[in-house]
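Undergrad: Quick one: this structure, given as structure tokens, is what I'll be asking you about.
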Amino acid sequence: MKNLQKDQTDYSEGLKKSGSLLEGHFALTPKADGVWRHSDRYINKDAIGRLYPDVLAFYGGLAQPFLGTGVATIVGPAEGGIAFAHGVARHISRVEKRPVNAAFVQPRYEGTDTDPIILKRGFDEDIAGHRVLIIEGFRRERRTTETVLRANPGNIVGIVDIFDIANGCFTGLDWAITSEYPKAIGVFQQAQRFLEREVEIVVSPPGAGIPIAHGFADYLSIVGNRPVKAVYTEFDRQIARDVPMDLGPFRSKIEGQKVGLIEDITTTGGSAKRMIVAIQEIAEIIGLSVIADRGGVTSDDLCGVSLSALVKIAMESWVDSECPLCTESKPVSGKYGKGRSWVSTIQGQQWLAAGGSITNS
Ligand SMILES: [Zn+2]
């Protein structure tokens, strides 16, 4: 991969602006040793890459290592990496004036399409009180719409049915080309009919609906000249951390091709490695491009695949009994990290009794 030395953009400012890189007083999830640690920084992964047009700068940065390599397809992990893979494929397609595809891998899980659909990751708070456009992807019933209605009654300004519910076929949107750039852009331009409705947030089902929500949010933010967010509903199911990744229908599309990989944040490199394992036998992996590396991941952690990160984030942390923020009685976050669990520990109880406090932010 080419190095990024020419790119002087400070992407950490963009992370802060998006609410992804937070500063304050946070209790971190204890590792296997059970020791509670605190930090003055916290990364909220789920806030990264939601807001248009701000996120476009990240797409340009993530695409840099793949320019001039002849990459055919950009792949990211579901659900968080899907929109990034699309944004990068689109960027390369535009810069190099040639077709570039996007694809995603997802964990092999036990479950069915009848599992409950929910809004997690604070997305329910994101949509509350805002004007919502829904991309509806469930054939038999409007499950995303139902979920949004529960969180945000009265603010739905439009629904786009990916499927014709009565006939089980595609309508309006040409599904087959939504992962081929630049063709997909023509699909996203259908967002034009919602321009006058002042859409603030676009909600989609998980998986293949995500790029459509992002494509619409992108279009509406640029043409409508106002910020638009994209979020997704998801199945209410727990997926073990180490399950293998699966390419599904994208497998045959990337066989023998040059592939570029995308990830939002790497900590141990574990999920990126599972993505690599799923792909390296059938395609040529050019490299892995991530927004932030907070764990000092090397290519040794990634089956030899080279890593390029827009930001390296050193997360300083302290054992709770030695935390300088506790010493100065700085309120601990009850929203991000594990502050609520920590204050019920003996150390946390003693700290509260000595004048410590917990916030809702
Ligand atoms: Zn502390």
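If you're wondering about the labels, chains in the structure tokens are A, B, ... by order shown, residues count from 1 in each chain, ligands from 1 in order shown.
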Which chain A residues have any atom within 12 Å of an atom of ligand 1, and for each, what is the nearest pair of atoms with distance in Å to one decimal, counting only C-alpha atoms and all ligand atoms, rows sorted by chain and number, as JSON lines?
TA:
{"residue": "A:Gly24", "atom": "CA", "partner": "ligand 1", "partner_atom_place_in_ligand_line": "1 (Zn)", "distance": 9.8}
{"residue": "A:His25", "atom": "CA", "partner": "ligand 1", "partner_atom_place_in_ligand_line": "1 (Zn)", "distance": 6.2}
{"residue": "A:Phe26", "atom": "CA", "partner": "ligand 1", "partner_atom_place_in_ligand_line": "1 (Zn)", "distance": 6.8}
{"residue": "A:Ala27", "atom": "CA", "partner": "ligand 1", "partner_atom_place_in_ligand_line": "1 (Zn)", "distance": 6.8}
{"residue": "A:Leu28", "atom": "CA", "partner": "ligand 1", "partner_atom_place_in_ligand_line": "1 (Zn)", "distance": 9.8}
{"residue": "A:Trp36", "atom": "CA", "partner": "ligand 1", "partner_atom_place_in_ligand_line": "1 (Zn)", "distance": 9.4}
{"residue": "A:Arg37", "atom": "CA", "partner": "ligand 1", "partner_atom_place_in_ligand_line": "1 (Zn)", "distance": 7.6}
{"residue": "A:His38", "atom": "CA", "partner": "ligand 1", "partner_atom_place_in_ligand_line": "1 (Zn)", "distance": 4.9}
{"residue": "A:Ser39", "atom": "CA", "partner": "ligand 1", "partner_atom_place_in_ligand_line": "1 (Zn)", "distance": 6.9}
{"residue": "A:Asp40", "atom": "CA", "partner": "ligand 1", "partner_atom_place_in_ligand_line": "1 (Zn)", "distance": 8.3}
{"residue": "A:Arg41", "atom": "CA", "partner": "ligand 1", "partner_atom_place_in_ligand_line": "1 (Zn)", "distance": 11.3}
{"residue": "A:Glu316", "atom": "CA", "partner": "ligand 1", "partner_atom_place_in_ligand_line": "1 (Zn)", "distance": 11.9}
{"residue": "A:Ser317", "atom": "CA", "partner": "ligand 1", "partner_atom_place_in_ligand_line": "1 (Zn)", "distance": 9.0}
{"residue": "A:Trp318", "atom": "CA", "partner": "ligand 1", "partner_atom_place_in_ligand_line": "1 (Zn)", "distance": 7.6}
{"residue": "A:Val319", "atom": "CA", "partner": "ligand 1", "partner_atom_place_in_ligand_line": "1 (Zn)", "distance": 8.1}
{"residue": "A:Asp320", "atom": "CA", "partner": "ligand 1", "partner_atom_place_in_ligand_line": "1 (Zn)", "distance": 5.4}
{"residue": "A:Ser321", "atom": "CA", "partner": "ligand 1", "partner_atom_place_in_ligand_line": "1 (Zn)", "distance": 7.7}
{"residue": "A:Glu322", "atom": "CA", "partner": "ligand 1", "partner_atom_place_in_ligand_line": "1 (Zn)", "distance": 7.7}
{"residue": "A:Cys323", "atom": "CA", "partner": "ligand 1", "partner_atom_place_in_ligand_line": "1 (Zn)", "distance": 4.5}
{"residue": "A:Pro324", "atom": "CA", "partner": "ligand 1", "partner_atom_place_in_ligand_line": "1 (Zn)", "distance": 6.4}
{"residue": "A:Leu325", "atom": "CA", "partner": "ligand 1", "partner_atom_place_in_ligand_line": "1 (Zn)", "distance": 4.8}
{"residue": "A:Cys326", "atom": "CA", "partner": "ligand 1", "partner_atom_place_in_ligand_line": "1 (Zn)", "distance": 3.9}
{"residue": "A:Thr327", "atom": "CA", "partner": "ligand 1", "partner_atom_place_in_ligand_line": "1 (Zn)", "distance": 7.4}
{"residue": "A:Glu328", "atom": "CA", "partner": "ligand 1", "partner_atom_place_in_ligand_line": "1 (Zn)", "distance": 8.8}
{"residue": "A:Ser329", "atom": "CA", "partner": "ligand 1", "partner_atom_place_in_ligand_line": "1 (Zn)", "distance": 8.1}
{"residue": "A:Lys330", "atom": "CA", "partner": "ligand 1", "partner_atom_place_in_ligand_line": "1 (Zn)", "distance": 7.7}
{"residue": "A:Pro331", "atom": "CA", "partner": "ligand 1", "partner_atom_place_in_ligand_line": "1 (Zn)", "distance": 8.5}
{"residue": "A:Val332", "atom": "CA", "partner": "ligand 1", "partner_atom_place_in_ligand_line": "1 (Zn)", "distance": 6.9}
{"residue": "A:Ser333", "atom": "CA", "partner": "ligand 1", "partner_atom_place_in_ligand_line": "1 (Zn)", "distance": 9.9}
{"residue": "A:Gly337", "atom": "CA", "partner": "ligand 1", "partner_atom_place_in_ligand_line": "1 (Zn)", "distance": 11.9}
{"residue": "A:Lys338", "atom": "CA", "partner": "ligand 1", "partner_atom_place_in_ligand_line": "1 (Zn)", "distance": 11.4}
{"residue": "A:Gly339", "atom": "CA", "partner": "ligand 1", "partner_atom_place_in_ligand_line": "1 (Zn)", "distance": 9.3}
{"residue": "A:Trp342", "atom": "CA", "partner": "ligand 1", "partner_atom_place_in_ligand_line": "1 (Zn)", "distance": 9.7}
{"residue": "A:Val343", "atom": "CA", "partner": "ligand 1", "partner_atom_place_in_ligand_line": "1 (Zn)", "distance": 10.3}
{"residue": "A:Gln347", "atom": "CA", "partner": "ligand 1", "partner_atom_place_in_ligand_line": "1 (Zn)", "distance": 10.1}
{"residue": "A:Gly348", "atom": "CA", "partner": "ligand 1", "partner_atom_place_in_ligand_line": "1 (Zn)", "distance": 9.0}
{"residue": "A:Trp351", "atom": "CA", "partner": "ligand 1", "partner_atom_place_in_ligand_line": "1 (Zn)", "distance": 9.1}
{"residue": "A:Leu352", "atom": "CA", "partner": "ligand 1", "partner_atom_place_in_ligand_line": "1 (Zn)", "distance": 11.2}
{"residue": "A:Gly356", "atom": "CA", "partner": "ligand 1", "partner_atom_place_in_ligand_line": "1 (Zn)", "distance": 9.5}
{"residue": "A:Ser357", "atom": "CA", "partner": "ligand 1", "partner_atom_place_in_ligand_line": "1 (Zn)", "distance": 10.7}
{"residue": "A:Ile358", "atom": "CA", "partner": "ligand 1", "partner_atom_place_in_ligand_line": "1 (Zn)", "distance": 10.8}
Undergrad: Could you save the residues just selected, with N, CA and C atoms, as a compact mmCIF listing (two decimals), in the first residue's frame?
TA:
# COMPACT_ATOMS: atom_id res chain seq x y z
N GLY A 24 -13.55 13.06 28.66
CA GLY A 24 -14.25 13.15 29.93
C GLY A 24 -13.66 12.16 30.92
N HIS A 25 -14.53 11.44 31.63
CA HIS A 25 -14.11 10.49 32.66
C HIS A 25 -14.93 9.22 32.46
N PHE A 26 -14.27 8.15 32.03
CA PHE A 26 -14.99 6.95 31.62
C PHE A 26 -14.45 5.71 32.34
N ALA A 27 -15.36 4.81 32.72
CA ALA A 27 -14.96 3.50 33.25
C ALA A 27 -14.98 2.52 32.09
N LEU A 28 -13.86 1.83 31.86
CA LEU A 28 -13.75 0.91 30.73
C LEU A 28 -14.17 -0.49 31.14
N TRP A 36 -10.76 -2.95 37.04
CA TRP A 36 -11.45 -1.78 36.49
C TRP A 36 -10.42 -0.71 36.14
N ARG A 37 -10.51 -0.19 34.93
CA ARG A 37 -9.62 0.90 34.52
C ARG A 37 -10.47 2.09 34.07
N HIS A 38 -9.93 3.28 34.27
CA HIS A 38 -10.62 4.50 33.83
C HIS A 38 -9.77 5.22 32.78
N SER A 39 -10.44 6.02 31.96
CA SER A 39 -9.72 6.76 30.93
C SER A 39 -10.34 8.15 30.77
N ASP A 40 -9.57 9.07 30.20
CA ASP A 40 -10.11 10.41 29.91
C ASP A 40 -10.63 10.49 28.47
N ARG A 41 -10.55 9.35 27.73
CA ARG A 41 -11.07 9.33 26.36
C ARG A 41 -11.94 8.10 26.17
N GLU A 316 -4.88 6.36 27.00
CA GLU A 316 -4.27 6.22 28.32
C GLU A 316 -5.35 5.79 29.31
N SER A 317 -4.99 4.87 30.21
CA SER A 317 -5.97 4.48 31.23
C SER A 317 -5.25 4.17 32.53
N TRP A 318 -6.02 4.20 33.62
CA TRP A 318 -5.46 3.99 34.96
C TRP A 318 -6.33 2.99 35.71
N VAL A 319 -5.71 2.19 36.59
CA VAL A 319 -6.48 1.37 37.51
C VAL A 319 -7.35 2.31 38.35
N ASP A 320 -8.60 1.94 38.61
CA ASP A 320 -9.54 2.89 39.22
C ASP A 320 -9.01 3.53 40.51
N SER A 321 -8.28 2.74 41.33
CA SER A 321 -7.80 3.28 42.61
C SER A 321 -6.70 4.32 42.41
N GLU A 322 -6.14 4.37 41.18
CA GLU A 322 -5.06 5.34 40.91
C GLU A 322 -5.48 6.38 39.88
N CYS A 323 -6.79 6.49 39.60
CA CYS A 323 -7.27 7.38 38.54
C CYS A 323 -7.21 8.84 38.98
N PRO A 324 -6.46 9.69 38.25
CA PRO A 324 -6.36 11.10 38.62
C PRO A 324 -7.70 11.84 38.50
N LEU A 325 -8.58 11.37 37.61
CA LEU A 325 -9.88 12.02 37.44
C LEU A 325 -10.78 11.73 38.64
N CYS A 326 -10.65 10.52 39.21
CA CYS A 326 -11.37 10.20 40.45
C CYS A 326 -10.88 11.09 41.57
N THR A 327 -9.55 11.30 41.62
CA THR A 327 -8.95 12.11 42.68
C THR A 327 -9.52 13.52 42.66
N GLU A 328 -9.74 14.06 41.46
CA GLU A 328 -10.28 15.42 41.39
C GLU A 328 -11.82 15.43 41.36
N SER A 329 -12.45 14.27 41.68
CA SER A 329 -13.92 14.15 41.75
C SER A 329 -14.63 14.57 40.47
N LYS A 330 -13.99 14.30 39.32
CA LYS A 330 -14.65 14.61 38.04
C LYS A 330 -15.77 13.60 37.83
N PRO A 331 -17.00 14.05 37.55
CA PRO A 331 -18.12 13.12 37.40
C PRO A 331 -17.83 12.06 36.31
N VAL A 332 -18.18 10.80 36.60
CA VAL A 332 -17.93 9.72 35.65
C VAL A 332 -19.15 9.57 34.74
N SER A 333 -18.91 9.24 33.46
CA SER A 333 -20.00 9.12 32.49
C SER A 333 -20.86 7.89 32.79
N GLY A 337 -19.29 3.85 28.16
CA GLY A 337 -18.46 3.01 29.00
C GLY A 337 -19.32 2.33 30.06
N LYS A 338 -18.67 1.91 31.14
CA LYS A 338 -19.36 1.09 32.15
C LYS A 338 -19.47 1.81 33.49
N GLY A 339 -19.61 3.14 33.45
CA GLY A 339 -19.69 3.92 34.68
C GLY A 339 -20.76 3.42 35.64
N TRP A 342 -19.54 0.37 37.32
CA TRP A 342 -18.40 0.64 38.20
C TRP A 342 -18.82 1.26 39.53
N VAL A 343 -19.80 2.19 39.51
CA VAL A 343 -20.17 2.86 40.77
C VAL A 343 -20.84 1.90 41.75
N GLN A 347 -15.00 0.00 45.23
CA GLN A 347 -14.23 1.22 44.95
C GLN A 347 -15.14 2.37 44.52
N GLY A 348 -16.12 2.04 43.66
CA GLY A 348 -17.06 3.05 43.16
C GLY A 348 -17.95 3.60 44.26
N TRP A 351 -16.03 5.93 46.35
CA TRP A 351 -15.79 7.19 45.63
C TRP A 351 -17.04 8.08 45.68
N LEU A 352 -18.22 7.47 45.49
CA LEU A 352 -19.47 8.24 45.57
C LEU A 352 -19.63 8.84 46.97
N GLY A 356 -17.88 11.77 44.86
CA GLY A 356 -17.92 11.49 43.42
C GLY A 356 -19.36 11.48 42.91
N SER A 357 -19.52 11.62 41.60
CA SER A 357 -20.88 11.59 41.05
C SER A 357 -20.86 11.00 39.64
N ILE A 358 -22.07 10.62 39.16
CA ILE A 358 -22.19 10.02 37.83
C ILE A 358 -23.14 10.87 36.99
Undergrad: Could you list, as a list in words, every residue within 7 Å of stretch 120-125 of chain A, counting only C-alpha atoms and ignoring same-chain residues fewer than 4 positions away?
TA: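 Contacts, with the query itself left out: Asp46, Ala151 and Val231 of chain A.
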Undergrad: Could you give me, as a PyMOL selection string, the residues within 12 Å of A:Lys17, counting only C-alpha atoms and dropping anything in the same chain fewer than 4 positions from it?
TA: chain A and resi 10-13+21-23+44+47-51+54-55
Undergrad: Write out as a PyMOL selection string all residues of stretch 207-358 of chain A that DSSP puts in strand (DSSP E) for this structure's backbone.
TA: chain A and resi 228-232+234-235+245-246+258-266+284-293+307-312+317-319+332-333+358
Undergrad: Between A:Phe104, A:Ala272, A:Leu56, A:Ala278, which is the closest to A:Ser221 once you count only C-alpha atoms?
TA: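 That would be A:Leu56, the residue with the smallest distance to A:Ser221.
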Undergrad: Could you name the residues that touch A:Ser361 at 7 Å or less, counting only C-alpha atoms, but leaving out those on the same chain fewer than 2 positions away, as a PyMOL selection string?
TA: chain A and resi 333-335+359
Undergrad: Excluding A:Arg143 and residues on its chain fewer than 5 positions from it, collect all residues at most 10 Å away from it, counting only C-alpha atoms, and give them as a PyMOL selection string.
TA: chain A and resi 114+116-118+136-138+148-149+205+233
Undergrad: For C-alpha atoms, I'd like the residues from the last selection saved as a PDB file, in the first residue's frame.
TA:
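As a result, selection-v4.pdb now contains:
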ATOM      1  CA  THR A 114     -38.384 -13.402  12.128  1.00  0.00           C
ATOM      2  CA  PRO A 116     -37.169  -9.111  16.630  1.00  0.00           C
ATOM      3  CA  ILE A 117     -36.005  -5.883  14.964  1.00  0.00           C
ATOM      4  CA  ILE A 118     -34.736  -3.080  17.207  1.00  0.00           C
ATOM      5  CA  GLU A 136     -38.176  -0.468   4.255  1.00  0.00           C
ATOM      6  CA  GLY A 137     -36.644  -3.797   3.319  1.00  0.00           C
ATOM      7  CA  PHE A 138     -38.779  -6.512   4.834  1.00  0.00           C
ATOM      8  CA  VAL A 148     -39.229   3.474  14.080  1.00  0.00           C
ATOM      9  CA  LEU A 149     -42.836   4.261  14.949  1.00  0.00           C
ATOM     10  CA  PRO A 205     -32.819  -2.359   7.810  1.00  0.00           C
ATOM     11  CA  THR A 233     -32.362  -1.194  12.618  1.00  0.00           C
TER      12      THR A 233
END
Undergrad: I need the residues in stretch 110-301 of chain A that are helix (DSSP H, G or I) according to DSSP; give them as a PyMOL selection string.
TA: chain A and resi 123-127+143-151+175-177+183-197+207-223+248-254+270-279+299-301
Undergrad: Near A:Ile82, counting only C-alpha atoms, which residues have an atom at most 8 Å away, once you skip same-chain residues fewer than 2 positions from it, shown as a PyMOL selection string?
TA: chain A and resi 75-80+84-86+103-104+207+210-211
Undergrad: Using atom CA of A:Val132 and atom CA of A:Ile201 as the two end points, give the distance in Å to one decimal.
TA: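 Between these atoms lies a distance of 5.0 Å.
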Undergrad: Can you tell me, as a PyMOL selection string, what residues are no more than 12 Å from A:Glu255 when counting only C-alpha atoms, ignoring any on the same chain fewer than 4 positions away?
TA: chain A and resi 72-73+247+249-251+259+278-285
Undergrad: For A:Thr178, which of A:Asn155, A:Asn225, A:Thr145, A:Asn101 is the closest residue, counting only C-alpha atoms?
TA: A:Asn101
Undergrad: Give the answer as one residue: which of A:Glu263, A:Phe216, A:Arg131, A:Glu234 has the shortest atom-to-atom distance to A:Glu200, using only C-alpha atoms?
TA: A:Arg131
Undergrad: Suppose you want the space between atom CA of A:Ile162 and atom CA of A:Glu180; what is it in Å?
TA: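 Separating atom CA of A:Ile162 from atom CA of A:Glu180 is a distance of 17.0 Å.
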Undergrad: Expressed in Å to a single decimal, how great is the separation between atom CA of A:Glu196 and atom CA of A:Ala208?
TA: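 These two atoms are separated by 26.0 Å.
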